[in-house]
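> File follows, run.cif with mmCIF, C-alpha atoms:
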data_protein
#
loop_
_atom_site.label_atom_id
_atom_site.label_comp_id
_atom_site.auth_asym_id
_atom_site.auth_seq_id
_atom_site.Cartn_x
_atom_site.Cartn_y
_atom_site.Cartn_z
CA MET A 1 0.00 0.00 0.00
CA SER A 2 1.38 3.41 -0.95
CA ARG A 3 1.76 6.28 1.51
CA GLU A 4 -1.13 8.08 -0.20
CA GLN A 5 -3.37 5.03 0.24
CA GLU A 6 -2.32 4.72 3.87
CA SER A 7 -3.20 8.37 4.44
CA ALA A 8 -6.59 7.88 2.79
CA GLU A 9 -7.29 4.86 4.99
CA ALA A 10 -6.33 6.89 8.08
CA VAL A 11 -8.65 9.73 7.06
CA ARG A 12 -11.86 7.70 6.58
CA PRO A 13 -12.60 6.87 10.24
CA GLU A 14 -11.71 10.43 11.24
CA ARG A 15 -14.37 12.10 9.09
CA ARG A 16 -16.89 12.42 11.90
CA ARG A 17 -14.49 14.14 14.29
CA PRO A 18 -14.36 17.95 14.53
CA ALA A 19 -11.94 19.52 12.07
CA ARG A 20 -9.61 20.81 14.78
CA GLU A 21 -9.26 17.37 16.31
CA ARG A 22 -8.65 15.74 12.91
CA ILE A 23 -5.99 18.31 12.07
CA LEU A 24 -4.24 17.85 15.41
CA ARG A 25 -4.32 14.05 15.10
CA ALA A 26 -2.92 14.18 11.58
CA ALA A 27 -0.23 16.64 12.64
CA ALA A 28 0.67 14.44 15.62
CA ARG A 29 1.17 11.40 13.39
CA ARG A 30 3.26 13.26 10.82
CA PHE A 31 5.28 15.39 13.24
CA TYR A 32 6.19 12.33 15.28
CA GLN A 33 7.02 10.02 12.39
CA GLU A 34 8.59 12.46 9.92
CA GLY A 35 9.56 15.50 11.94
CA VAL A 36 8.13 18.97 12.34
CA THR A 37 10.28 20.63 9.69
CA ALA A 38 9.72 17.92 7.07
CA THR A 39 5.93 17.97 7.48
CA GLY A 40 4.15 20.59 5.42
CA ILE A 41 0.70 22.05 5.87
CA ASP A 42 -0.53 20.41 2.65
CA THR A 43 0.43 16.99 4.00
CA ILE A 44 -1.47 17.58 7.21
CA THR A 45 -4.63 18.90 5.55
CA ALA A 46 -4.63 16.01 3.08
CA GLU A 47 -4.34 13.43 5.85
CA ALA A 48 -6.93 15.21 7.99
CA GLY A 49 -9.32 15.51 5.03
CA VAL A 50 -9.82 19.26 5.45
CA ALA A 51 -9.26 22.34 3.33
CA LYS A 52 -6.27 24.54 4.10
CA MET A 53 -8.65 27.30 5.16
CA SER A 54 -10.06 24.98 7.81
CA LEU A 55 -6.60 24.54 9.27
CA TYR A 56 -6.05 28.30 9.46
CA ASN A 57 -9.51 28.75 10.98
CA ASN A 58 -8.34 26.56 13.87
CA PHE A 59 -4.64 27.41 14.07
CA SER A 60 -3.17 30.79 13.21
CA SER A 61 0.01 29.30 11.74
CA LYS A 62 2.10 26.15 11.59
CA ALA A 63 3.92 27.39 14.69
CA ASP A 64 0.58 27.60 16.49
CA LEU A 65 -0.19 24.03 15.40
CA VAL A 66 3.19 22.85 16.69
CA ARG A 67 2.50 24.49 20.07
CA ALA A 68 -0.86 22.74 20.23
CA TYR A 69 0.79 19.44 19.29
CA LEU A 70 3.35 19.76 22.09
CA ASP A 71 0.68 20.65 24.65
CA ASP A 72 -1.58 17.84 23.48
CA ARG A 73 1.21 15.27 23.61
CA HIS A 74 2.23 16.33 27.11
CA GLU A 75 -1.37 16.34 28.35
CA ASP A 76 -1.91 12.88 26.88
CA TRP A 77 1.12 11.64 28.84
CA LEU A 78 -0.20 13.17 32.05
CA VAL A 79 -3.60 11.55 31.55
CA ARG A 80 -2.01 8.15 30.97
CA TYR A 81 0.23 8.60 34.02
CA ARG A 82 -2.69 9.52 36.29
CA ARG A 83 -4.73 6.63 34.97
CA ARG A 84 -1.87 4.25 35.69
CA VAL A 85 -0.98 5.38 39.23
CA GLY A 86 -4.35 6.62 40.45
CA PRO A 87 -5.26 9.91 42.18
CA GLU A 88 -3.11 9.41 45.31
CA PRO A 89 -0.29 7.01 44.51
CA ASP A 90 2.17 5.68 47.02
CA PRO A 91 5.30 7.85 46.55
CA ARG A 92 7.43 4.96 45.36
CA ASP A 93 4.75 3.89 42.90
CA GLY A 94 4.49 7.50 41.80
CA VAL A 95 8.16 7.61 40.83
CA LEU A 96 8.23 4.24 39.12
CA GLY A 97 4.91 5.01 37.45
CA VAL A 98 6.67 7.73 35.47
CA PHE A 99 8.93 5.09 33.95
CA ASP A 100 6.01 2.71 33.46
CA THR A 101 4.04 5.34 31.55
CA TYR A 102 6.95 5.94 29.20
CA ILE A 103 7.37 2.18 28.81
CA ASP A 104 3.68 1.87 27.91
CA GLY A 105 4.15 4.50 25.22
CA ALA A 106 7.21 2.75 23.82
CA ASP A 107 5.46 -0.62 23.71
CA ALA A 108 2.26 0.75 22.16
CA PRO A 109 3.01 4.17 20.64
CA PRO A 110 -0.16 6.11 19.75
CA THR A 111 1.28 7.66 16.60
CA GLY A 112 3.10 4.91 14.70
CA ASP A 113 6.48 3.29 15.24
CA PHE A 114 8.26 4.29 18.44
CA ARG A 115 10.85 7.01 17.85
CA GLY A 116 11.48 8.22 21.38
CA CYS A 117 10.09 11.29 23.10
CA GLY A 118 8.02 13.38 20.71
CA LEU A 119 8.69 16.51 22.77
CA LEU A 120 12.47 16.11 22.66
CA ASN A 121 12.35 15.16 18.98
CA ALA A 122 10.47 18.35 18.17
CA ALA A 123 12.72 20.51 20.36
CA SER A 124 15.82 19.11 18.65
CA GLU A 125 14.63 20.66 15.38
CA MET A 126 14.28 24.13 16.89
CA PRO A 127 17.08 26.69 17.24
CA ALA A 128 18.32 27.90 20.61
CA GLY A 129 15.97 30.46 22.06
CA HIS A 130 12.94 29.18 20.15
CA GLU A 131 9.70 29.43 22.13
CA GLY A 132 8.97 25.77 21.38
CA ARG A 133 12.12 24.71 23.20
CA ALA A 134 11.03 26.74 26.22
CA GLN A 135 7.63 25.05 26.04
CA VAL A 136 9.22 21.59 26.06
CA ARG A 137 11.54 22.61 28.90
CA ARG A 138 8.53 23.63 31.01
CA GLN A 139 6.84 20.32 30.26
CA LYS A 140 9.93 18.36 31.24
CA GLU A 141 10.28 20.43 34.40
CA GLU A 142 6.72 19.51 35.33
CA VAL A 143 7.58 15.80 35.17
CA GLU A 144 10.74 16.43 37.18
CA ARG A 145 8.69 18.26 39.84
CA MET A 146 6.35 15.28 40.04
CA ILE A 147 9.29 12.98 40.64
CA ALA A 148 10.74 15.38 43.22
CA GLU A 149 7.46 15.56 45.14
CA HIS A 150 7.27 11.78 45.38
CA VAL A 151 10.91 11.41 46.40
CA THR A 152 10.49 14.14 49.03
CA ALA A 153 7.57 12.18 50.47
CA LEU A 154 9.77 9.07 50.58
CA LEU A 155 12.61 10.92 52.35
CA PRO A 156 10.91 13.15 54.95
CA GLY A 157 13.26 15.52 56.74
CA ARG A 158 16.04 14.95 54.17
CA PRO A 159 15.53 17.70 51.59
CA ASP A 160 19.09 17.64 50.22
CA ALA A 161 19.02 13.89 49.65
CA ALA A 162 15.56 14.13 48.12
CA ARG A 163 16.64 16.84 45.66
CA ALA A 164 19.76 14.94 44.64
CA THR A 165 17.93 11.63 44.21
CA ALA A 166 15.07 13.19 42.25
CA ARG A 167 17.55 14.93 39.94
CA GLN A 168 19.42 11.68 39.33
CA ILE A 169 16.19 9.86 38.54
CA ALA A 170 14.99 12.62 36.20
CA PHE A 171 18.27 12.59 34.27
CA LEU A 172 18.25 8.80 34.20
CA LEU A 173 14.75 8.88 32.75
CA GLU A 174 15.53 11.39 30.00
CA GLY A 175 18.78 9.69 29.01
CA ALA A 176 17.03 6.34 28.82
CA MET A 177 14.24 7.86 26.74
CA VAL A 178 16.69 9.24 24.19
CA ARG A 179 18.49 5.90 23.92
CA ALA A 180 15.19 4.01 23.74
CA GLY A 181 14.21 6.19 20.79
CA LEU A 182 17.38 5.16 18.99
CA GLU A 183 16.81 1.50 19.80
CA GLY A 184 13.13 1.67 18.89
CA ASP A 185 11.84 -0.23 21.91
CA SER A 186 11.42 -0.06 25.68
CA ARG A 187 14.44 -2.09 26.82
CA CYS A 188 16.52 0.92 27.90
CA LEU A 189 13.56 2.34 29.79
CA ARG A 190 13.07 -0.96 31.61
CA ASP A 191 16.76 -0.98 32.57
CA ALA A 192 16.47 2.63 33.76
CA ARG A 193 13.43 1.74 35.85
CA ALA A 194 15.42 -0.98 37.61
CA MET A 195 18.24 1.52 38.26
CA ALA A 196 15.73 4.01 39.66
CA GLU A 197 14.43 1.33 42.02
CA ARG A 198 17.96 0.78 43.31
CA LEU A 199 18.46 4.51 43.79
CA LEU A 200 15.29 4.67 45.87
CA ASP A 201 16.39 1.67 47.93
CA GLN A 202 19.79 3.25 48.62
CA ALA A 203 18.56 6.79 49.35
#
Represent the structure from my file as structure tokens, please.


Amino acid sequence: MSREQESAEAVRPERRRPARERILRAAARRFYQEGVTATGIDTITAEAGVAKMSLYNNFSSKADLVRAYLDDRHEDWLVRYRRRVGPEPDPRDGVLGVFDTYIDGADAPPTGDFRGCGLLNAASEMPAGHEGRAQVRRQKEEVERMIAEHVTALLPGRPDAARATARQIAFLLEGAMVRAGLEGDSRCLRDARAMAERLLDQA
């Protein structure tokens, strides 16, 4: 099946969705699989089954669409994390649940073959100082804060140790995610999860 046929097949079940949602879904698939720079507006509108005017009625520019894609991808991760660990997770489960949520995404990626972190992939295409890089940094900092809150709860009265351990775990996570993207599977993330467990045991 050609790429054009694959795109047509992807469009058919999407027809009943609102145009904005179809555009964002199409952009998510293309941005993740082919890159932000390599994906043109015409490709997105064709896959979404909408006119170009419809895209610009929902997004002021491609940059606006990229911002929405980054926010949507991060929010999707947060939803999956909360669903996995529950509303009030045990602190240890809260830390390891971060790894588990990334592992879930690597084993069953929502937008095609696994290529690593979509946020980092997008940021790597942007120049220093680009607002999109700042957006991704804020999103990554949110995950790091979540880890830090759980580690702090595990190490009451030891703020310095909690900060150091949380930082190690956050860096371990991001490094493993980059390597997992290169490998195309979750093995590095599973190894990193085991290392994080040992860090928590030794803290």

> Excluding A:Ser61 and its own-chain neighbours fewer than 6 positions away, which residues fall within 10 Å of it when counting all atoms listed in the file? Please give them as JSON, numbers by chain.

{"A": [41, 55, 67]}

> Any chance you could tabulate, as a tab-separated table, the residues of stretch 135-199 of chain A at most 12 Å from stretch 104-111 of chain A with each one's nearest atom pair and distance in Å to one decimal, using all atoms listed in the file, in chain and rising number order?


residue	atom	partner	partner_atom	distance
A:Ala176	CA	A:Ala106	CA	11.6
A:Met177	CA	A:Ala106	CA	9.2
A:Val178	CA	A:Ala106	CA	11.5
A:Arg179	CA	A:Ala106	CA	11.7
A:Ala180	CA	A:Ala106	CA	8.1
A:Gly181	CA	A:Ala106	CA	8.4
A:Leu182	CA	A:Ala106	CA	11.5
A:Glu183	CA	A:Ala106	CA	10.5
A:Gly184	CA	A:Ala106	CA	7.8
A:Asp185	CA	A:Ala106	CA	5.8
A:Ser186	CA	A:Ala106	CA	5.4
A:Arg187	CA	A:Ala106	CA	9.2
A:Cys188	CA	A:Ala106	CA	10.3
A:Leu189	CA	A:Ala106	CA	8.7
A:Arg190	CA	A:Ala106	CA	10.4

> Put those residues in a file: C-alpha atoms, as a short mmCIF file (atom, residue, chain, number, x, y, z; two decimals), in the coordinates of the input.


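Output file again_37.cif is given in full below:
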data_model
loop_
_atom_site.label_atom_id
_atom_site.label_comp_id
_atom_site.auth_asym_id
_atom_site.auth_seq_id
_atom_site.Cartn_x
_atom_site.Cartn_y
_atom_site.Cartn_z
CA ALA A 176 17.03 6.34 28.82
CA MET A 177 14.24 7.86 26.74
CA VAL A 178 16.69 9.24 24.19
CA ARG A 179 18.49 5.90 23.92
CA ALA A 180 15.19 4.01 23.74
CA GLY A 181 14.21 6.19 20.79
CA LEU A 182 17.38 5.16 18.99
CA GLU A 183 16.81 1.50 19.80
CA GLY A 184 13.13 1.67 18.89
CA ASP A 185 11.84 -0.23 21.91
CA SER A 186 11.42 -0.06 25.68
CA ARG A 187 14.44 -2.09 26.82
CA CYS A 188 16.52 0.92 27.90
CA LEU A 189 13.56 2.34 29.79
CA ARG A 190 13.07 -0.96 31.61
#

> Of the residues A:Val98, A:Val136, A:Ala203, A:Ala170, which is the one nearest to A:Pro156, using all atoms listed in the file?

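That would be A:Ala203, the residue with the smallest distance to A:Pro156.
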
> Interatomic distance between atom CA of A:Ala27 and atom CA of A:Arg137?

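Distance between the two atoms: 20.9 Å.
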
> Pick out the closest residue to A:Thr45 from this set: A:Asp76, A:Glu21, A:Asp64, A:Glu141. Count only C-alpha atoms.

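Nearest candidate to A:Thr45 out of A:Asp76, A:Glu21, A:Asp64, A:Glu141: A:Glu21.
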
> Might you spell out which residues the PyMOL selection byres ((chain A and resi 139) around 12) would select in the displayed file, as a PyMOL selection string?

chain A and resi 67+70-78+117-120+123+132-138+140-146

> Just the selected residues (C-alpha atoms), exported as a short mmCIF file (atom, residue, chain, number, x, y, z; two decimals), in the coordinates of the input, please.


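Output (result-v7.cif):
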data_model
loop_
_atom_site.label_atom_id
_atom_site.label_comp_id
_atom_site.auth_asym_id
_atom_site.auth_seq_id
_atom_site.Cartn_x
_atom_site.Cartn_y
_atom_site.Cartn_z
CA ARG A 67 2.50 24.49 20.07
CA LEU A 70 3.35 19.76 22.09
CA ASP A 71 0.68 20.65 24.65
CA ASP A 72 -1.58 17.84 23.48
CA ARG A 73 1.21 15.27 23.61
CA HIS A 74 2.23 16.33 27.11
CA GLU A 75 -1.37 16.34 28.35
CA ASP A 76 -1.91 12.88 26.88
CA TRP A 77 1.12 11.64 28.84
CA LEU A 78 -0.20 13.17 32.05
CA CYS A 117 10.09 11.29 23.10
CA GLY A 118 8.02 13.38 20.71
CA LEU A 119 8.69 16.51 22.77
CA LEU A 120 12.47 16.11 22.66
CA ALA A 123 12.72 20.51 20.36
CA GLY A 132 8.97 25.77 21.38
CA ARG A 133 12.12 24.71 23.20
CA ALA A 134 11.03 26.74 26.22
CA GLN A 135 7.63 25.05 26.04
CA VAL A 136 9.22 21.59 26.06
CA ARG A 137 11.54 22.61 28.90
CA ARG A 138 8.53 23.63 31.01
CA LYS A 140 9.93 18.36 31.24
CA GLU A 141 10.28 20.43 34.40
CA GLU A 142 6.72 19.51 35.33
CA VAL A 143 7.58 15.80 35.17
CA GLU A 144 10.74 16.43 37.18
CA ARG A 145 8.69 18.26 39.84
CA MET A 146 6.35 15.28 40.04
#

> What's the separation between atom CA of A:Ala122 and atom CA of A:Val36, in Å to one decimal place?

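According to the coordinates, atom CA of A:Ala122 and atom CA of A:Val36 are separated by 6.3 Å.
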
> I need the residue nearest A:Arg17 from this list: A:Ala148, A:Met53, A:Ala38, A:Ala48. Use only C-alpha atoms for the distance.

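Using only C-alpha atoms, the shortest distance to A:Arg17 belongs to A:Ala48.
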
> Name the closest residue to A:Arg198 among the candidates A:Leu96, A:Ala68, A:Ala153, A:Ala46; distances are taken between atoms, counting only C-alpha atoms.

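Closest to A:Arg198 of all the choices is A:Leu96.
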
> Expressed in Å to a single decimal, how great is the separation between atom CA of A:Pro89 and atom CA of A:Ala166?

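So the answer is 16.7 Å.
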
> Hey, which of A:Glu197, A:Asp160, A:Glu34, A:Asp42 ends up closest to A:Gly94? Count all atoms listed in the file.

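For A:Gly94, the nearest of the candidates is A:Glu197.
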
> Set the distance at 9 Å and use all atoms listed in the file: which residues neighbour A:Arg163 once local chain neighbours fewer than 5 positions away are removed? I'd like the list as a list of chain:residue names.

A:Ala148, A:Val151, A:Thr152, A:Arg158, A:Gln168

> Residues at most 12 Å from A:Val50, counting all atoms listed in the file, excluding those fewer than 4 positions away in the same chain, as a PyMOL selection string?

chain A and resi 11-12+14-24+26+41-46+54-58

> Which polymer residues, whether protein, DNA or RNA, lie within 10 Å of the coordinate (-2.2, 2.7, 32.0) when you count only C-alpha atoms? List them as a VMD selection string, using the chain letters and numbers from the file.

chain A and resid 79 to 86 97 100 to 101 104 to 105

> Restricting the calculation to all atoms listed in the file, which member of A:Phe99, A:Leu155, A:Val66, A:Ser124 is positioned closest to A:Leu172?

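When distances to A:Leu172 are compared using all atoms listed in the file, the smallest one comes from A:Phe99.
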
> Hey, what's within 12 Å of A:Gln202 if we count all atoms listed in the file and toss same-chain stuff fewer than 5 positions away? As an MDAnalysis selection string, please?

chainID A and resid 154:155 161:162 165 195:197
